[in-house]
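Q: I am attaching a structure below and will ask some questions about it afterwards.
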Amino acid sequence: MLDNIKLGQYLHGDSWYYRLDPRAKLVMTTFFVVIIFMANNWITYLGATIFTLLIIFTSGVSLKFFYRSIRPIFFLIMLTFVLNLILYRTGEHFPPLTINISKVLVTGYGIFIILLIFLRIFKVIDKYISGKIFKISLLIIIIINVVIAYLFKNEQFIWSFNWIIYKGAVINGGFVILRLVLIISFSSLLTFTTKPTELTLAIEHVLAPLKIIKFPVSELALMISIALRFIPTLLEETQKILKAQTSRGADLTEGNLKEKVIQIISLLIPMFIISFKRAEDLANAMEARGYVPGKKRTSYRILKWRLRDTLYVTSFVLLTVYFIYFRYLWK
Amino acid sequence: MKTNRTVLIIVEIAILSSLSLVLDYLANFTTGSLFVSGGSISIAMVPIMLIGFRRGIIAGIASGFIVGVIQVIYGGHILEFFQYIFDYPLAYTVVGLAGVFIYLNKKKINGPTIVLGSIFAGLLRYLSHILAGIIFWSEYVPAEFMFLNNRMTGFNAYTWSIFYNGLYMIPSIIVSSIVLYFLFKYAKQLFIVNDK
């Protein structure tokens with residue numbers, strides 16, 4: 001059950017983007033997410049798209065991974081597009097789309113939906129409607145439409161209206177989709193190419209100015225590193241306890257809410273006890289090796305700022321200048 | 001053996017944060033696919049709240065912040081800058097405030113404190129997700145608009161965000177507070193530290 005959990009999104013590889021300083025990557029990705037909102041016309045979006053595509057194609061990460069990170073939010077992206085189609089109402093528009101609803105049509109769909117529900121109830125269709133059923137349903141709906149349109153030409157409509165789609169709506173919706181895809185791709189690229197430990201180090205460096213107000217930045221970074229290190233260990237422990245409790249007859253997937261809560265607790269109590277025990281051991285080990293909170297520590301990994309990082313940052317400055325020029329000055 | 005309390009607290013915060021993430025992965029296995037734009041019914045809040053009760057709110061907040069940051073490092077759904085801040089680091093950080101009721105109860109832990117504290121912290125996280133949703137959606141959905149000659153009111157960023165986030169947050173809050181209550185009932189030693 002737990003064997004195929006993938007922790008994080010890091011993909012092994014090597015390219016100029018992998019070798020960049022994690023600080024540069026982290027700060028510039030955040031910067032990109034902010035400045036992309038400056039783009040407002042086709043030329044700024046074109047610039048942003050070419051910029052992102054250039055980085056993605058030279059980063060050595062296969063496109064299918066970007067597709068995988070966009071897929072879970074596909075529904076959300078389409079929803080924003082549809083909302084744009086509905087809400088945007090200025091400027092030129094396409095010929096109106098006439099939607100007519102008649103009594104026969106409503107009855108036809110009603111029968112079809114009831115049929116589907118019956119098939120579900122009598123377990124003819126699987127618990128979850130599969131892709132095949134969905135496609136067949138769409139086909140049947142189209143057939144119903146055509147048949148009704150042919151047979152009942154003279155039927156009175158009970159509801160008829162024109163849906164006007166504005167040209168601006170399609171363009172605007174397109175921009176919104178593009179912006180979301182660019183943001184998701186850019187932020188995924190960061191987690192694809194940077195190890196969690198490197199990112200932690202980068203966060204420590206980025207938050208370093210907070211040390212002035214006595215914010216425990218290095219302790220926080222240490223805690224993040226320990227937490228990252230213990231995730232696989234605790235997953236393994238959880239698996240062991242799950243197996244042990246299953247062998248005693250507990251089943252996390254069965255039972256009502258009360259039984260489930262009791263089973264969760266039978267999993268959690270040993271987990272917490274193990275965690276606190278490990279914490280004590282680790283604290284002792286750290287003290288034995290001379291760890292004193294608040295004292296200056298040296299790091300095993302030392303980040304080095306190179307020419308390529310400066311060039312990378314410069315490219316973002318140029319992109320910002322490009323955005324400002326084509327947004328405010330270009331007519 | 002006498003252990004330096006600060007080091008022990010640091011390590012406990014770290015390990016319980018990682019336990020919280022582990023529980024979150026387990027939950028994603030069972031309910032993750034139900035929710036299109038992130039979020040799942042999970043007991044990931046339980047360890048953060050527990051450290052909040054055990055070591056006080058500062059430890060709880062630190063633990064929540066770490067969980068939020070690691071969610072960021074491992075890659076979450078990023079759509080907009082402020083949506084990201086509200087959906088990840090801030091949403092988990094406020095969970096650490098569960099321990100706040102102990103201070104009102106003369107530093108004594110009992111059943112009602114735990115249930116109240118966990119519901120309070122859970123609602124704060126819910127609020128943070130709602131704000132994130134409003135920040136993202138208010139750009140696309142005005143409070144009132146015309147659709148096919150009908151005036152549409154009520155379907156706006158606020159209702160959508162409250163509804164969508166409520167779908168997984170309310171069950172999560174209920175389950176977390178029940179689990180914490182029973183944990184306290186059966187294993188008090190987890191909540192009360194006895195340092196010699």
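Ligands are numbered from 1 in the order shown, residues from 1 within each chain, and chains are lettered A, B, ... in the order they appear in the structure tokens.
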Could you list, as an NGL selection string, every residue of chain A that has an atom within 8 Å of an atom of chain B, counting only C-alpha atoms?
A: :A and (5 or 7-9 or 30 or 33-34 or 72-73 or 75-76 or 80 or 83-84 or 86-87 or 161-163 or 180 or 183-184 or 187-188 or 191 or 196 or 199-200 or 219-220 or 223-224 or 226-228 or 230-231 or 234-235 or 261 or 264-265 or 269 or 272-273 or 275-276 or 279-280 or 282-284 or 286-287 or 292-293)
Q: Can you write out the residues you just picked, keeping C-alpha atoms, as a PDB file, in the first residue's frame?
A:
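To be explicit, this is the file written out as again11.pdb:
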ATOM      1  CA  ILE A   5       4.373   6.718  -2.362  1.00  0.00           C
ATOM      2  CA  LEU A   7       8.085  11.663  -1.581  1.00  0.00           C
ATOM      3  CA  GLY A   8       8.509  15.079  -3.067  1.00  0.00           C
ATOM      4  CA  GLN A   9       8.827  15.711  -6.753  1.00  0.00           C
ATOM      5  CA  THR A  30       8.620  33.508  -6.416  1.00  0.00           C
ATOM      6  CA  VAL A  33       4.792  34.210  -9.842  1.00  0.00           C
ATOM      7  CA  VAL A  34       4.480  37.875  -8.834  1.00  0.00           C
ATOM      8  CA  PRO A  72      -4.863  17.659 -11.195  1.00  0.00           C
ATOM      9  CA  ILE A  73      -5.784  21.345 -11.618  1.00  0.00           C
ATOM     10  CA  PHE A  75     -10.761  21.174 -13.912  1.00  0.00           C
ATOM     11  CA  LEU A  76      -9.984  24.397 -12.050  1.00  0.00           C
ATOM     12  CA  THR A  80     -11.883  29.841 -14.831  1.00  0.00           C
ATOM     13  CA  LEU A  83     -16.377  31.805 -15.936  1.00  0.00           C
ATOM     14  CA  ASN A  84     -14.610  34.213 -18.275  1.00  0.00           C
ATOM     15  CA  ILE A  86     -19.957  33.941 -18.912  1.00  0.00           C
ATOM     16  CA  LEU A  87     -18.806  37.104 -17.198  1.00  0.00           C
ATOM     17  CA  PHE A 161     -32.421  32.262 -25.151  1.00  0.00           C
ATOM     18  CA  ASN A 162     -29.363  33.547 -26.907  1.00  0.00           C
ATOM     19  CA  TRP A 163     -25.977  33.021 -25.394  1.00  0.00           C
ATOM     20  CA  LEU A 180      -2.004  29.483 -14.645  1.00  0.00           C
ATOM     21  CA  ILE A 183       2.873  29.578 -12.963  1.00  0.00           C
ATOM     22  CA  ILE A 184       2.325  25.862 -12.376  1.00  0.00           C
ATOM     23  CA  SER A 187       6.901  26.293  -9.698  1.00  0.00           C
ATOM     24  CA  SER A 188       6.970  22.592 -10.621  1.00  0.00           C
ATOM     25  CA  THR A 191      10.627  21.227  -7.115  1.00  0.00           C
ATOM     26  CA  PRO A 196      14.395  19.242  -0.538  1.00  0.00           C
ATOM     27  CA  LEU A 199      15.694  24.087  -0.768  1.00  0.00           C
ATOM     28  CA  THR A 200      15.830  24.056   3.033  1.00  0.00           C
ATOM     29  CA  GLU A 219      17.025  26.313  14.432  1.00  0.00           C
ATOM     30  CA  LEU A 220      14.006  26.400  12.135  1.00  0.00           C
ATOM     31  CA  MET A 223      13.986  21.361  12.331  1.00  0.00           C
ATOM     32  CA  ILE A 224      12.932  21.318   8.671  1.00  0.00           C
ATOM     33  CA  ILE A 226      15.213  16.720  10.638  1.00  0.00           C
ATOM     34  CA  ALA A 227      11.538  16.560   9.652  1.00  0.00           C
ATOM     35  CA  LEU A 228      12.469  15.831   6.016  1.00  0.00           C
ATOM     36  CA  PHE A 230      12.352  11.387   9.305  1.00  0.00           C
ATOM     37  CA  ILE A 231       9.468  11.215   6.813  1.00  0.00           C
ATOM     38  CA  LEU A 234       8.191   7.201  10.065  1.00  0.00           C
ATOM     39  CA  LEU A 235       6.407   5.928   6.932  1.00  0.00           C
ATOM     40  CA  VAL A 261     -11.655   6.293  15.264  1.00  0.00           C
ATOM     41  CA  ILE A 264      -6.905   5.217  14.090  1.00  0.00           C
ATOM     42  CA  ILE A 265      -6.077   5.614  17.775  1.00  0.00           C
ATOM     43  CA  ILE A 269      -0.646   5.856  20.139  1.00  0.00           C
ATOM     44  CA  PHE A 272       3.469   8.944  18.999  1.00  0.00           C
ATOM     45  CA  ILE A 273       5.324   6.842  21.546  1.00  0.00           C
ATOM     46  CA  SER A 275       8.226   9.405  17.782  1.00  0.00           C
ATOM     47  CA  PHE A 276       8.869  10.730  21.280  1.00  0.00           C
ATOM     48  CA  ALA A 279      13.159  12.389  19.631  1.00  0.00           C
ATOM     49  CA  GLU A 280      14.752  11.700  22.989  1.00  0.00           C
ATOM     50  CA  LEU A 282      18.198  12.075  18.778  1.00  0.00           C
ATOM     51  CA  ALA A 283      18.310  14.932  21.305  1.00  0.00           C
ATOM     52  CA  ASN A 284      20.791  12.964  23.424  1.00  0.00           C
ATOM     53  CA  MET A 286      22.911  15.805  19.289  1.00  0.00           C
ATOM     54  CA  GLU A 287      23.964  16.979  22.713  1.00  0.00           C
ATOM     55  CA  VAL A 292      23.941  24.027  21.489  1.00  0.00           C
ATOM     56  CA  PRO A 293      20.893  25.895  20.208  1.00  0.00           C
TER      57      PRO A 293
END
Q: Taking only region 30-196 of chain B into account, list the residues labelled helix (DSSP H, G or I) by DSSP (computed from the backbone), as a ChimeraX atom specification.
A: /B:30-34,45-55,57-73,81-87,89-104,111-137,157-186,188-190
Q: Set the distance at 9 Å and use only C-alpha atoms: which residues neighbour Phe175 (chain A) once local chain neighbours fewer than 2 positions away are removed? I'd like the list as a list in words.
A: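 The neighbour list is Asn40, Asn41, Trp42, Tyr45, Val170, Ile171, Asn172, Gly173, Ile177, Leu178, Arg179 and Leu180 of chain A.
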Q: Generate a file of the selected residues that holds C-alpha atoms, formatted as a PDB file, in the first residue's frame.
A:
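Produced file result.pdb, reproduced below:
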ATOM      1  CA  ASN A  40      -1.890  42.029 -19.888  1.00  0.00           C
ATOM      2  CA  ASN A  41      -1.670  41.809 -23.674  1.00  0.00           C
ATOM      3  CA  TRP A  42      -0.605  39.282 -26.286  1.00  0.00           C
ATOM      4  CA  TYR A  45       2.192  36.897 -22.713  1.00  0.00           C
ATOM      5  CA  VAL A 170     -12.175  34.046 -25.302  1.00  0.00           C
ATOM      6  CA  ILE A 171      -8.961  36.080 -25.416  1.00  0.00           C
ATOM      7  CA  ASN A 172      -9.126  36.935 -21.720  1.00  0.00           C
ATOM      8  CA  GLY A 173      -9.921  33.326 -20.778  1.00  0.00           C
ATOM      9  CA  ILE A 177      -5.289  29.638 -18.739  1.00  0.00           C
ATOM     10  CA  LEU A 178      -1.861  30.563 -20.073  1.00  0.00           C
ATOM     11  CA  ARG A 179      -0.960  32.398 -16.875  1.00  0.00           C
ATOM     12  CA  LEU A 180      -2.004  29.483 -14.645  1.00  0.00           C
TER      13      LEU A 180
END
Q: Return the single residue from B:Pro171, B:Thr159, B:Gly166, B:Gly133 that is closest to Tyr84 (chain B), with distances computed using only C-alpha atoms.
A: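 Ranked by minimum distance to Tyr84 (chain B), first place goes to B:Gly133.
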Q: If you measure from CA of Thr29 (chain A) to CA of Phe326 (chain A), what distance in Å do you get, rounded to one decimal?
A: 21.5 Å
Q: I'd like to know which of A:Ser315, A:Asp21, A:Lys211, A:Lys243 is closest to Leu54 (chain A), using only C-alpha atoms.
A: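 Smallest separation from Leu54 (chain A) among the options: A:Ser315.
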Q: Which residue, A:Leu267, A:Leu20, A:Leu26, A:Val61, has the smallest gap to Thr246 (chain A) when you use only C-alpha atoms?
A: A:Leu267
Q: Go through A:Lys277, A:Tyr291, A:Asp309, A:Gln245 and flag the residue nearest Leu222 (chain A), using only C-alpha atoms for the distances.
A: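 For Leu222 (chain A), the nearest of the candidates is A:Tyr291.
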